[in-house]
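Trainee: Sharing work_39.txt below, compact mmCIF, C-alpha atoms and all ligand atoms:
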```txt
# COMPACT_ATOMS: atom_id res chain seq x y z
CA MET A 30 -8.33 69.69 61.17
CA THR A 31 -5.36 67.80 59.84
CA LEU A 32 -4.90 64.22 58.74
CA THR A 33 -3.41 62.34 61.70
CA VAL A 34 -1.93 58.87 61.32
CA LEU A 35 -0.48 56.58 63.98
CA PHE A 36 2.37 54.47 62.57
CA CYS A 37 4.38 51.65 64.14
CA VAL A 38 7.72 52.59 65.64
CA ASP A 39 10.98 51.11 64.38
CA PRO A 40 11.90 48.59 67.13
CA LEU A 41 15.58 49.50 66.67
CA HIS A 42 15.17 53.29 66.64
CA PRO A 43 12.53 54.45 69.12
CA ARG A 44 11.97 57.82 67.47
CA ARG A 45 11.70 56.56 63.91
CA VAL A 46 8.87 55.05 61.92
CA ASP A 47 9.28 51.35 61.17
CA PRO A 48 11.13 51.27 57.82
CA HIS A 49 8.27 49.26 56.31
CA PHE A 50 6.00 52.30 56.69
CA ALA A 51 8.58 55.07 56.11
CA ARG A 52 7.32 55.87 52.58
CA GLU A 53 3.80 56.24 53.91
CA ALA A 54 4.92 58.46 56.77
CA ALA A 55 6.73 60.69 54.29
CA ALA A 56 3.52 60.95 52.27
CA VAL A 57 1.61 62.04 55.37
CA ARG A 58 4.21 64.73 56.08
CA ASP A 59 4.04 65.92 52.47
CA HIS A 60 0.28 66.06 52.86
CA TYR A 61 0.78 68.43 55.81
CA GLY A 62 -0.56 65.73 58.08
CA GLU A 63 0.45 64.82 61.61
CA MET A 64 1.79 61.50 62.79
CA ALA A 65 2.61 59.76 66.05
CA LEU A 66 4.21 56.43 66.91
CA ILE A 67 2.74 53.26 68.41
CA ASP A 68 4.95 50.52 69.87
CA HIS A 69 3.46 47.40 68.32
CA ASP A 70 5.79 45.03 70.22
CA ALA A 71 4.66 46.53 73.53
CA LEU A 72 1.02 46.12 72.52
CA ARG A 73 1.61 42.45 71.68
CA ARG A 74 3.16 41.78 75.06
CA GLY A 75 0.15 43.37 76.73
CA ASP A 76 1.73 46.67 77.80
CA VAL A 77 -0.67 49.16 76.23
CA ASP A 78 0.66 52.06 78.32
CA ALA A 79 4.11 51.57 76.84
CA ALA A 80 2.56 51.09 73.39
CA ILE A 81 1.02 54.56 73.36
CA ARG A 82 3.58 56.43 75.49
CA ALA A 83 4.86 58.40 72.48
CA VAL A 84 1.39 59.54 71.40
CA PRO A 85 0.88 63.18 72.43
CA GLU A 86 -2.18 63.87 74.58
CA ASP A 87 -5.34 65.14 72.89
CA LEU A 88 -4.09 64.37 69.41
CA GLY A 89 -7.69 64.12 68.22
CA PRO A 90 -9.18 61.70 65.66
CA ALA A 91 -6.58 59.50 63.95
CA TRP A 92 -6.12 56.62 61.54
CA TYR A 93 -3.76 53.76 62.35
CA ARG A 94 -1.46 52.35 59.65
CA GLY A 95 0.77 49.51 60.68
CA TRP A 96 1.22 45.84 61.41
CA MET A 97 -1.80 43.66 62.01
CA MET A 98 -3.06 43.24 65.52
CA THR A 99 -5.72 40.95 66.95
CA SER A 100 -9.20 42.34 67.44
CA PRO A 101 -8.83 42.27 71.27
CA GLU A 102 -5.50 44.11 70.95
CA TYR A 103 -7.15 46.72 68.74
CA ALA A 104 -9.93 47.20 71.28
CA VAL A 105 -7.41 47.67 74.12
CA LEU A 106 -5.42 50.13 72.01
CA ALA A 107 -8.53 52.12 71.06
CA ALA A 108 -9.69 52.35 74.68
CA ALA A 109 -6.29 53.50 75.96
CA LEU A 110 -5.97 56.07 73.18
CA LYS A 111 -9.44 57.39 73.89
CA GLN A 112 -8.48 58.05 77.49
CA ARG A 113 -5.56 60.06 76.18
CA GLY A 114 -7.72 62.11 73.83
CA THR A 115 -7.19 60.24 70.57
CA ILE A 116 -10.13 58.57 68.84
CA LEU A 117 -9.31 55.88 66.29
CA LEU A 118 -11.47 56.60 63.25
CA THR A 119 -12.18 52.89 62.84
CA HIS A 120 -14.18 51.62 65.81
CA PRO A 121 -12.97 48.31 67.34
CA GLU A 122 -16.17 46.52 66.24
CA ASP A 123 -15.62 47.72 62.68
CA TYR A 124 -12.00 46.57 62.82
CA GLN A 125 -13.06 43.08 63.82
CA ARG A 126 -15.83 42.92 61.22
CA ALA A 127 -13.42 43.69 58.36
CA HIS A 128 -10.37 41.88 59.75
CA GLU A 129 -11.94 38.48 60.54
CA LEU A 130 -13.75 36.38 57.93
CA PRO A 131 -16.83 35.62 60.06
CA GLY A 132 -17.37 39.39 60.30
CA TRP A 133 -17.67 40.01 56.55
CA HIS A 134 -18.48 36.64 54.96
CA ASP A 135 -22.27 36.82 54.97
CA THR A 136 -22.31 40.43 53.74
CA PHE A 137 -20.24 39.28 50.74
CA ALA A 138 -22.30 36.13 50.08
CA GLY A 139 -22.35 35.36 46.36
CA LEU A 140 -19.22 37.46 45.78
CA THR A 141 -16.77 35.30 47.73
CA PRO A 142 -16.16 31.54 48.08
CA HIS A 143 -18.73 29.92 50.37
CA SER A 144 -17.14 29.30 53.78
CA VAL A 145 -17.82 27.78 57.18
CA TRP A 146 -15.99 28.47 60.44
CA ARG A 147 -15.77 27.54 64.09
CA PRO A 148 -13.92 29.11 67.02
CA VAL A 149 -10.94 27.02 68.18
CA ASP A 150 -8.17 27.74 70.69
CA PRO A 151 -4.55 27.40 69.52
CA ARG A 152 -4.24 24.16 71.50
CA GLY A 153 -7.89 23.20 71.34
CA ASP A 154 -9.71 20.48 69.45
CA PRO A 155 -11.30 21.45 66.11
CA GLY A 156 -14.29 19.21 66.90
CA ASP A 157 -16.52 17.35 64.42
CA LEU A 158 -15.23 18.52 61.05
CA ALA A 159 -17.71 16.42 59.05
CA GLU A 160 -20.51 18.41 60.59
CA LEU A 161 -18.69 21.70 60.09
CA VAL A 162 -18.20 21.25 56.34
CA ARG A 163 -21.62 19.73 55.61
CA PRO A 164 -22.94 22.99 54.06
CA LEU A 165 -20.03 23.10 51.58
CA SER A 166 -20.17 21.54 48.11
CA PRO A 167 -18.09 18.40 47.67
CA GLY A 168 -14.68 18.95 46.07
CA PRO A 169 -11.55 20.89 46.93
CA ALA A 170 -11.36 23.41 49.78
CA VAL A 171 -9.01 25.88 51.42
CA VAL A 172 -8.33 25.99 55.18
CA LYS A 173 -7.26 29.10 57.12
CA ASP A 174 -7.88 30.84 60.42
CA TYR A 175 -10.18 33.87 60.77
CA VAL A 176 -7.46 36.14 59.33
CA LYS A 177 -4.55 34.27 57.73
CA SER A 178 -3.77 31.11 55.82
CA ARG A 179 -0.63 29.00 55.64
CA LYS A 180 -0.55 29.54 51.88
CA HIS A 181 3.21 28.92 51.78
CA GLU A 182 2.58 25.41 53.17
CA TRP A 183 -0.17 24.89 50.61
CA GLU A 184 -0.11 21.07 50.37
CA GLN A 185 0.25 20.34 54.08
CA ALA A 186 -1.70 23.09 55.79
CA CYS A 187 -3.92 24.97 53.34
CA PHE A 188 -5.38 23.00 50.43
CA VAL A 189 -7.74 20.04 50.81
CA PRO A 190 -8.22 18.11 47.53
CA ASP A 191 -11.59 16.70 48.66
CA VAL A 192 -13.44 18.22 51.58
CA ARG A 193 -15.47 15.03 52.05
CA ASN A 194 -12.26 13.09 52.71
CA LEU A 195 -12.23 13.46 56.49
CA THR A 196 -8.75 12.06 57.00
CA GLN A 197 -7.35 14.60 54.57
CA LEU A 198 -9.38 17.46 56.05
CA ARG A 199 -8.40 16.61 59.65
CA SER A 200 -4.73 16.44 58.71
CA VAL A 201 -4.69 19.83 56.95
CA VAL A 202 -6.68 21.51 59.74
CA ALA A 203 -4.41 20.05 62.44
CA LYS A 204 -1.30 21.18 60.52
CA MET A 205 -2.68 24.70 60.04
CA ILE A 206 -3.53 24.99 63.76
CA ALA A 207 -0.12 23.65 64.81
CA LEU A 208 1.78 26.00 62.49
CA GLN A 209 -0.23 29.07 63.48
CA ASP A 210 0.39 28.12 67.10
CA ASP A 211 -0.22 31.09 69.41
CA PHE A 212 -0.96 33.28 66.41
CA LEU A 213 -4.07 31.30 65.47
CA ALA A 214 -6.68 34.03 65.00
CA GLY A 215 -10.17 33.17 66.23
CA GLY A 216 -10.56 29.65 64.92
CA ILE A 217 -10.75 27.65 61.71
CA VAL A 218 -12.31 28.54 58.37
CA VAL A 219 -12.97 26.10 55.51
CA ARG A 220 -13.76 27.61 52.10
CA GLU A 221 -14.89 26.09 48.83
CA TYR A 222 -11.97 26.19 46.41
CA GLU A 223 -12.54 28.20 43.22
CA ARG A 224 -10.33 28.10 40.15
CA PHE A 225 -8.82 31.52 39.49
CA ASP A 226 -7.15 32.47 36.22
CA GLY A 227 -3.66 32.74 37.72
CA ALA A 228 -3.17 36.37 36.63
CA GLY A 229 -2.81 37.54 40.24
CA GLU A 230 -4.93 39.46 42.71
CA ALA A 231 -5.89 43.11 42.75
CA ARG A 232 -6.36 45.00 46.00
CA VAL A 233 -9.17 47.56 46.01
CA TRP A 234 -9.00 50.14 48.81
CA TRP A 235 -12.37 51.54 49.93
CA VAL A 236 -12.88 54.69 51.97
CA ASP A 237 -16.40 55.49 53.19
CA GLY A 238 -17.88 53.09 50.63
CA GLU A 239 -16.06 54.54 47.63
CA PRO A 240 -13.14 52.93 45.76
CA ALA A 241 -10.13 55.10 46.66
CA LEU A 242 -7.35 53.12 45.02
CA VAL A 243 -7.06 50.03 42.84
CA GLY A 244 -3.64 48.42 42.92
CA PRO A 245 -1.90 45.07 42.99
CA HIS A 246 -1.89 42.60 45.87
CA PRO A 247 1.49 42.56 47.70
CA ASP A 248 2.07 38.98 46.46
CA ASN A 249 2.12 40.21 42.84
CA PRO A 250 3.19 43.85 43.16
CA GLU A 251 4.07 44.24 39.47
CA VAL A 252 0.78 42.90 38.14
CA GLU A 253 -1.74 45.44 36.96
CA THR A 254 -5.25 44.14 36.53
CA GLU A 255 -8.51 45.96 36.17
CA PRO A 256 -10.93 44.20 38.50
CA GLU A 257 -14.63 44.70 38.00
CA TYR A 258 -15.40 45.92 41.50
CA GLU A 259 -18.70 47.74 40.89
CA ALA A 260 -20.71 44.69 42.00
CA VAL A 261 -18.81 44.70 45.28
CA ALA A 262 -19.64 48.30 46.24
CA PRO A 263 -23.08 47.56 47.76
CA ALA A 264 -21.57 44.88 50.03
CA VAL A 265 -18.77 47.24 51.07
CA ARG A 266 -21.32 49.91 51.97
CA SER A 267 -23.50 47.43 53.79
CA LEU A 268 -20.53 46.26 55.91
CA GLY A 269 -20.36 49.85 57.09
CA CYS A 270 -16.64 50.08 57.86
CA ARG A 271 -14.91 53.32 56.89
CA PHE A 272 -11.62 51.96 55.54
CA ILE A 273 -11.29 48.45 54.11
CA THR A 274 -9.67 46.49 51.31
CA THR A 275 -11.10 43.80 49.06
CA ASP A 276 -8.65 41.41 47.38
CA MET A 277 -10.06 40.33 44.03
CA ALA A 278 -9.17 37.56 41.61
CA ARG A 279 -10.73 36.56 38.29
CA ARG A 280 -12.19 33.10 38.19
CA GLU A 281 -11.58 30.89 35.17
CA ASP A 282 -15.15 31.59 34.03
CA GLY A 283 -14.36 35.32 33.94
CA GLN A 284 -16.18 36.32 37.15
CA TRP A 285 -14.32 38.67 39.50
CA ARG A 286 -14.41 37.31 43.05
CA VAL A 287 -13.56 38.69 46.49
CA VAL A 288 -10.85 36.40 47.88
CA GLU A 289 -10.63 38.32 51.10
CA VAL A 290 -11.70 41.50 52.90
CA GLY A 291 -9.30 43.34 55.20
CA ASP A 292 -9.16 46.38 57.45
CA GLY A 293 -7.50 49.17 55.46
CA GLN A 294 -5.34 50.16 58.42
CA VAL A 295 -3.43 46.87 58.41
CA SER A 296 -3.53 45.86 54.72
CA ASP A 297 -0.10 46.01 53.16
CA LEU A 298 0.48 48.65 50.50
CA PRO A 299 2.97 47.32 47.93
CA ALA A 300 6.07 49.44 47.23
CA THR A 301 4.93 49.74 43.60
CA VAL A 302 2.06 52.01 44.69
CA ASP A 303 2.58 55.71 45.43
CA PRO A 304 1.29 56.17 49.00
CA MET A 305 -0.10 59.59 48.07
CA ASP A 306 -2.59 57.79 45.84
CA LEU A 307 -4.06 56.34 49.02
CA TYR A 308 -3.49 59.06 51.61
CA ALA A 309 -4.99 61.77 49.43
CA HIS A 310 -8.30 59.89 49.83
CA LEU A 311 -8.25 59.46 53.60
CA PRO A 312 -10.82 61.84 54.96
CA ILE A 313 -9.71 64.55 57.29
CA PRO A 314 -12.19 64.69 60.19
CA ASP A 315 -14.02 67.96 60.73
N1 LIG B 401 -11.48 29.75 48.19
C1 LIG B 401 -10.34 29.80 47.49
N2 LIG B 401 -10.27 29.28 46.24
C2 LIG B 401 -9.10 29.31 45.56
N3 LIG B 401 -7.96 29.85 46.01
C3 LIG B 401 -7.99 30.40 47.23
C4 LIG B 401 -9.17 30.42 48.03
N4 LIG B 401 -8.89 31.02 49.20
C5 LIG B 401 -7.59 31.37 49.12
N5 LIG B 401 -7.05 30.99 47.95
C6 LIG B 401 -5.65 31.19 47.52
O1 LIG B 401 -4.82 31.19 48.66
C7 LIG B 401 -4.22 32.46 48.85
C8 LIG B 401 -4.23 32.84 50.31
O2 LIG B 401 -5.56 33.01 50.75
P1 LIG B 401 -6.00 34.25 51.61
O3 LIG B 401 -5.76 35.50 50.85
O4 LIG B 401 -7.38 34.00 52.06
O5 LIG B 401 -5.01 34.10 52.84
P2 LIG B 401 -4.03 35.07 53.56
O6 LIG B 401 -3.04 34.22 54.22
O7 LIG B 401 -4.85 35.95 54.38
O8 LIG B 401 -3.30 35.94 52.48
P3 LIG B 401 -2.89 37.49 52.43
O9 LIG B 401 -3.33 38.19 53.68
O10 LIG B 401 -1.44 37.48 52.21
O11 LIG B 401 -3.65 38.00 51.24
C9 LIG B 401 -5.01 33.42 47.98
O12 LIG B 401 -4.23 34.47 47.52
C10 LIG B 401 -5.49 32.53 46.85
O13 LIG B 401 -4.47 32.40 45.87
MG MG B 402 -5.13 37.14 50.84
```
Would you give me this structure, written as structure tokens?
Ligand SMILES: Nc1ncnc2c1ncn2[C@@H]1O[C@H](COP(=O)(O)OP(=O)(O)OP(=O)(O)O)[C@@H](O)[C@H]1O
Ligand SMILES: [Mg+2]
Mentor:
Amino acid sequence: MTLTVLFCVDPLHPRRVDPHFAREAAAVRDHYGEMALIDHDALRRGDVDAAIRAVPEDLGPAWYRGWMMTSPEYAVLAAALKQRGTILLTHPEDYQRAHELPGWHDTFAGLTPHSVWRPVDPRGDPGDLAELVRPLSPGPAVVKDYVKSRKHEWEQACFVPDVRNLTQLRSVVAKMIALQDDFLAGGIVVREYERFDGAGEARVWWVDGEPALVGPHPDNPEVETEPEYEAVAPAVRSLGCRFITTDMARREDGQWRVVEVGDGQVSDLPATVDPMDLYAHLPIPD
């Protein structure tokens, strides 16, 4: 069997890989792997047939590497591919568990900032926030949706100086929901704020419960840190997903913390990392 990877197509050149993933596609070719193209735009507009039209029939088991998609989109993609003879090696339930905070939070309890969440529609009401945040310690907090934050609008839509200040909390939550708009994933998450040392995040890539690659987070691609990830391994194994990332930052007290878990198929690989260092670890199904 060969390593098969489905990449996103370049929207401007229907036979080419999206330039963002071209280095990775080259690595797969060098690895004597096979690749096929998915039309991510078509998937987003709900046309799954068009999205997988370029995937040959009976391609066999495959990994996806590309832009993020919602958990329902991933499930639709996986089902359509299956009908065509291609099994995605990450099951849709596993994708959702790694991709959305409510899926992984409890498994990483004690390793990641304590968080609460609630499903909310993009134009829905976030409900009684005082009740939602009651389990959190008083003090600062961070607001995001199940997948993404508005970290670039930190003051208005991400950081809450005092989670017990309801006016403040409501304003930040409302701003985050409004800015995410139709892209709001799942609902709202409120997390206790922890003071990190400011040295940047490391991204640890896990394949079948083993650390495959330790590199920088895309926000600080030049920063090389050596996260202590051994304590995280049992949680990674217990989550049971084949291919995930854990973003890690060192707290001011020296403890390494998991800021976020992600599905390895849609986590960005910074250009400072040699893709072969990752792809050499992706198992080839037998
Ligand atoms: N609980 C927290 N305590 C302190 N800082 C936090 C906390 N949660 C998030 N941050 C800060 O906000 C940033 C964005 O948070 P997070 O990684 O959860 O969101 P994101 O939008 O999914 O980011 P990305 O996918 O780009 O990594 C983090 O890199 C970190 O610097
Ligand atoms: Mg992050």
Trainee: How would you report the residues lying within 7 Å of ligand MG 402 (chain B), as a PyMOL selection string, if you count all atoms listed in the file?
Mentor: chain A and resi 276+288-289
Trainee: Can you work out the spacing between CA of Trp133 in chain A and atom O3 of ligand LIG 401 (chain B) in Å, to one decimal?
Mentor: 14.0 Å
Trainee: Residues at most 9 Å from range 34-45 of chain A, counting all atoms listed in the file, excluding those fewer than 6 positions away in the same chain, as a list in words?
Mentor: Ala51, Glu53, Ala54, Val57, Gly62, Glu63, Met64, Ala65, Leu66, Ile67, Asp68, His69, Asp70, Ala83, Val84, Pro90, Ala91, Trp92, Tyr93, Arg94, Gly95 and Trp96 of chain A
Trainee: Counting all atoms listed in the file, which residue out of A:Cys270, A:Val290, A:Val162, A:Leu88 sits closest to ligand LIG 401 (chain B)?
Mentor: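 Using all atoms listed in the file, the shortest distance to ligand LIG 401 (chain B) belongs to A:Val290.
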Trainee: What's the separation between CA of Pro314 in chain A and CA of Thr119 in chain A, in Å to one decimal place?
Mentor: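 CA of Pro314 in chain A sits 12.1 Å away from CA of Thr119 in chain A.
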Trainee: In Å, how far is it from CA of Tyr258 in chain A to CA of Trp285 in chain A?
Mentor: 7.6 Å
Trainee: Within 6 Å of ligand LIG 401 (chain B), which residues of chain A show up? Give each one with its shortest atom-to-atom distance in Å (one decimal) and the two atoms involved, counting all atoms listed in the file, rows by chain then rising residue number, as a tab-separated table.
Mentor:
```
residue	atom	partner	partner_atom	distance
A:Pro142	CA	B:LIG401	N1	5.0
A:Val171	CA	B:LIG401	N4	5.6
A:Val176	CA	B:LIG401	O7	5.6
A:Lys177	CA	B:LIG401	O7	3.8
A:Ser178	CA	B:LIG401	O6	3.6
A:Arg179	CA	B:LIG401	O6	5.9
A:Lys180	CA	B:LIG401	C8	5.2
A:Arg220	CA	B:LIG401	N1	5.0
A:Glu221	CA	B:LIG401	N1	5.0
A:Tyr222	CA	B:LIG401	N2	3.5
A:Glu223	CA	B:LIG401	N2	3.9
A:Arg224	CA	B:LIG401	C2	5.7
A:Val288	CA	B:LIG401	N4	5.9
A:Glu289	CA	B:LIG401	O4	5.5
```
Trainee: May I have the residues at most 12 Å from (-20.2, 54.0, 55.1) in the file's coordinates, counting all atoms listed in the file, as a JSON list (two decimals) with C-alpha atoms, in the coordinates of the input?
Mentor:
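Dumped everything to selection13.json:
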```json
[["chain", "number", "residue", "atom", "x", "y", "z"],
["A", 119, "THR", "CA", -12.18, 52.89, 62.84],
["A", 123, "ASP", "CA", -15.62, 47.72, 62.68],
["A", 235, "TRP", "CA", -12.37, 51.54, 49.93],
["A", 236, "VAL", "CA", -12.88, 54.69, 51.97],
["A", 237, "ASP", "CA", -16.40, 55.49, 53.19],
["A", 238, "GLY", "CA", -17.88, 53.09, 50.63],
["A", 239, "GLU", "CA", -16.06, 54.54, 47.63],
["A", 240, "PRO", "CA", -13.14, 52.93, 45.76],
["A", 262, "ALA", "CA", -19.64, 48.30, 46.24],
["A", 263, "PRO", "CA", -23.08, 47.56, 47.76],
["A", 264, "ALA", "CA", -21.57, 44.88, 50.03],
["A", 265, "VAL", "CA", -18.77, 47.24, 51.07],
["A", 266, "ARG", "CA", -21.32, 49.91, 51.97],
["A", 267, "SER", "CA", -23.50, 47.43, 53.79],
["A", 268, "LEU", "CA", -20.53, 46.26, 55.91],
["A", 269, "GLY", "CA", -20.36, 49.85, 57.09],
["A", 270, "CYS", "CA", -16.64, 50.08, 57.86],
["A", 271, "ARG", "CA", -14.91, 53.32, 56.89],
["A", 272, "PHE", "CA", -11.62, 51.96, 55.54],
["A", 273, "ILE", "CA", -11.29, 48.45, 54.11]]
```
Trainee: Need the shell around Thr99 in chain A: protein/DNA/RNA residues with any atom at most 12 Å away, counting all atoms listed in the file. Skip same-chain ones fewer than 3 positions apart. Format as a PyMOL selection string?
Mentor: chain A and resi 69+72-73+75+96+102-106+121-122+124-129+175-177+211-215+292+295
Trainee: Taking 2 positions as the minimum chain separation for residues in the same chain, which residues sit within 7 Å of Val172 in chain A when counting only C-alpha atoms? Answer as a list of chain:residue names.
Mentor: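 Final neighbour list, sorted by chain and number: A:Ala170, A:Ser178, A:Cys187, A:Phe188, A:Val202, A:Val218, A:Val219, A:Arg220.
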Trainee: A:Ala71, A:Ala228, A:Val302, A:Leu158: which is nearest Val201 in chain A, counting all atoms listed in the file?
Mentor: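 Among the listed residues, the smallest separation from Val201 in chain A belongs to A:Leu158.
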Trainee: Dig up all the protein and nucleic acid residues within 12 Å of (-1.5, 56.1, 49.4) in the file frame, using all atoms listed in the file, and format them as a PDB file with C-alpha atoms, in the frame of the given file.
Mentor:
```
ATOM      1  CA  PHE A  50       6.000  52.300  56.690  1.00  0.00           C
ATOM      2  CA  ARG A  52       7.320  55.870  52.580  1.00  0.00           C
ATOM      3  CA  GLU A  53       3.800  56.240  53.910  1.00  0.00           C
ATOM      4  CA  ALA A  54       4.920  58.460  56.770  1.00  0.00           C
ATOM      5  CA  ALA A  55       6.730  60.690  54.290  1.00  0.00           C
ATOM      6  CA  ALA A  56       3.520  60.950  52.270  1.00  0.00           C
ATOM      7  CA  VAL A  57       1.610  62.040  55.370  1.00  0.00           C
ATOM      8  CA  ASP A  59       4.040  65.920  52.470  1.00  0.00           C
ATOM      9  CA  HIS A  60       0.280  66.060  52.860  1.00  0.00           C
ATOM     10  CA  ARG A  94      -1.460  52.350  59.650  1.00  0.00           C
ATOM     11  CA  VAL A 233      -9.170  47.560  46.010  1.00  0.00           C
ATOM     12  CA  TRP A 234      -9.000  50.140  48.810  1.00  0.00           C
ATOM     13  CA  TRP A 235     -12.370  51.540  49.930  1.00  0.00           C
ATOM     14  CA  VAL A 236     -12.880  54.690  51.970  1.00  0.00           C
ATOM     15  CA  ALA A 241     -10.130  55.100  46.660  1.00  0.00           C
ATOM     16  CA  LEU A 242      -7.350  53.120  45.020  1.00  0.00           C
ATOM     17  CA  VAL A 243      -7.060  50.030  42.840  1.00  0.00           C
ATOM     18  CA  GLY A 244      -3.640  48.420  42.920  1.00  0.00           C
ATOM     19  CA  GLY A 293      -7.500  49.170  55.460  1.00  0.00           C
ATOM     20  CA  GLN A 294      -5.340  50.160  58.420  1.00  0.00           C
ATOM     21  CA  SER A 296      -3.530  45.860  54.720  1.00  0.00           C
ATOM     22  CA  ASP A 297      -0.100  46.010  53.160  1.00  0.00           C
ATOM     23  CA  LEU A 298       0.480  48.650  50.500  1.00  0.00           C
ATOM     24  CA  PRO A 299       2.970  47.320  47.930  1.00  0.00           C
ATOM     25  CA  ALA A 300       6.070  49.440  47.230  1.00  0.00           C
ATOM     26  CA  THR A 301       4.930  49.740  43.600  1.00  0.00           C
ATOM     27  CA  VAL A 302       2.060  52.010  44.690  1.00  0.00           C
ATOM     28  CA  ASP A 303       2.580  55.710  45.430  1.00  0.00           C
ATOM     29  CA  PRO A 304       1.290  56.170  49.000  1.00  0.00           C
ATOM     30  CA  MET A 305      -0.100  59.590  48.070  1.00  0.00           C
ATOM     31  CA  ASP A 306      -2.590  57.790  45.840  1.00  0.00           C
ATOM     32  CA  LEU A 307      -4.060  56.340  49.020  1.00  0.00           C
ATOM     33  CA  TYR A 308      -3.490  59.060  51.610  1.00  0.00           C
ATOM     34  CA  ALA A 309      -4.990  61.770  49.430  1.00  0.00           C
ATOM     35  CA  HIS A 310      -8.300  59.890  49.830  1.00  0.00           C
ATOM     36  CA  LEU A 311      -8.250  59.460  53.600  1.00  0.00           C
TER      37      LEU A 311
END
```
Trainee: Can you take the partial range 157-170 of chain A, add N, CA, C and O atoms, and return it as a tab-separated table (two decimals), in the coordinates of the input?
Mentor:
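Output contents, as saved in part22.tsv:
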```tsv
chain	number	residue	atom	x	y	z
A	157	ASP	N	-15.99	18.20	65.50
A	157	ASP	CA	-16.52	17.35	64.42
A	157	ASP	C	-16.45	18.09	63.09
A	157	ASP	O	-17.31	18.92	62.78
A	158	LEU	N	-15.42	17.78	62.30
A	158	LEU	CA	-15.23	18.52	61.05
A	158	LEU	C	-16.24	18.11	59.98
A	158	LEU	O	-16.60	18.91	59.12
A	159	ALA	N	-16.71	16.86	60.04
A	159	ALA	CA	-17.71	16.42	59.05
A	159	ALA	C	-18.94	17.29	59.15
A	159	ALA	O	-19.52	17.73	58.15
A	160	GLU	N	-19.33	17.57	60.39
A	160	GLU	CA	-20.51	18.41	60.59
A	160	GLU	C	-20.24	19.85	60.14
A	160	GLU	O	-21.07	20.49	59.50
A	161	LEU	N	-19.03	20.32	60.45
A	161	LEU	CA	-18.69	21.70	60.09
A	161	LEU	C	-18.80	21.94	58.59
A	161	LEU	O	-19.33	22.97	58.16
A	162	VAL	N	-18.28	21.00	57.78
A	162	VAL	CA	-18.20	21.25	56.34
A	162	VAL	C	-19.44	20.75	55.57
A	162	VAL	O	-19.48	20.89	54.34
A	163	ARG	N	-20.44	20.25	56.29
A	163	ARG	CA	-21.62	19.73	55.61
A	163	ARG	C	-22.26	20.74	54.64
A	163	ARG	O	-22.67	20.38	53.54
A	164	PRO	N	-22.32	22.03	55.00
A	164	PRO	CA	-22.94	22.99	54.06
A	164	PRO	C	-22.13	23.24	52.79
A	164	PRO	O	-22.66	23.84	51.85
A	165	LEU	N	-20.86	22.82	52.76
A	165	LEU	CA	-20.03	23.10	51.58
A	165	LEU	C	-20.26	22.07	50.49
A	165	LEU	O	-20.57	20.91	50.76
A	166	SER	N	-20.08	22.47	49.23
A	166	SER	CA	-20.17	21.54	48.11
A	166	SER	C	-19.00	20.57	48.18
A	166	SER	O	-17.92	20.95	48.63
A	167	PRO	N	-19.21	19.34	47.71
A	167	PRO	CA	-18.09	18.40	47.67
A	167	PRO	C	-17.01	18.93	46.72
A	167	PRO	O	-17.31	19.72	45.83
A	168	GLY	N	-15.77	18.49	46.93
A	168	GLY	CA	-14.68	18.95	46.07
A	168	GLY	C	-13.59	19.61	46.89
A	168	GLY	O	-13.58	19.52	48.11
A	169	PRO	N	-12.67	20.30	46.21
A	169	PRO	CA	-11.55	20.89	46.93
A	169	PRO	C	-11.94	22.06	47.82
A	169	PRO	O	-12.98	22.69	47.62
A	170	ALA	N	-11.09	22.33	48.83
A	170	ALA	CA	-11.36	23.41	49.78
A	170	ALA	C	-10.04	24.01	50.25
A	170	ALA	O	-8.97	23.45	50.03
```
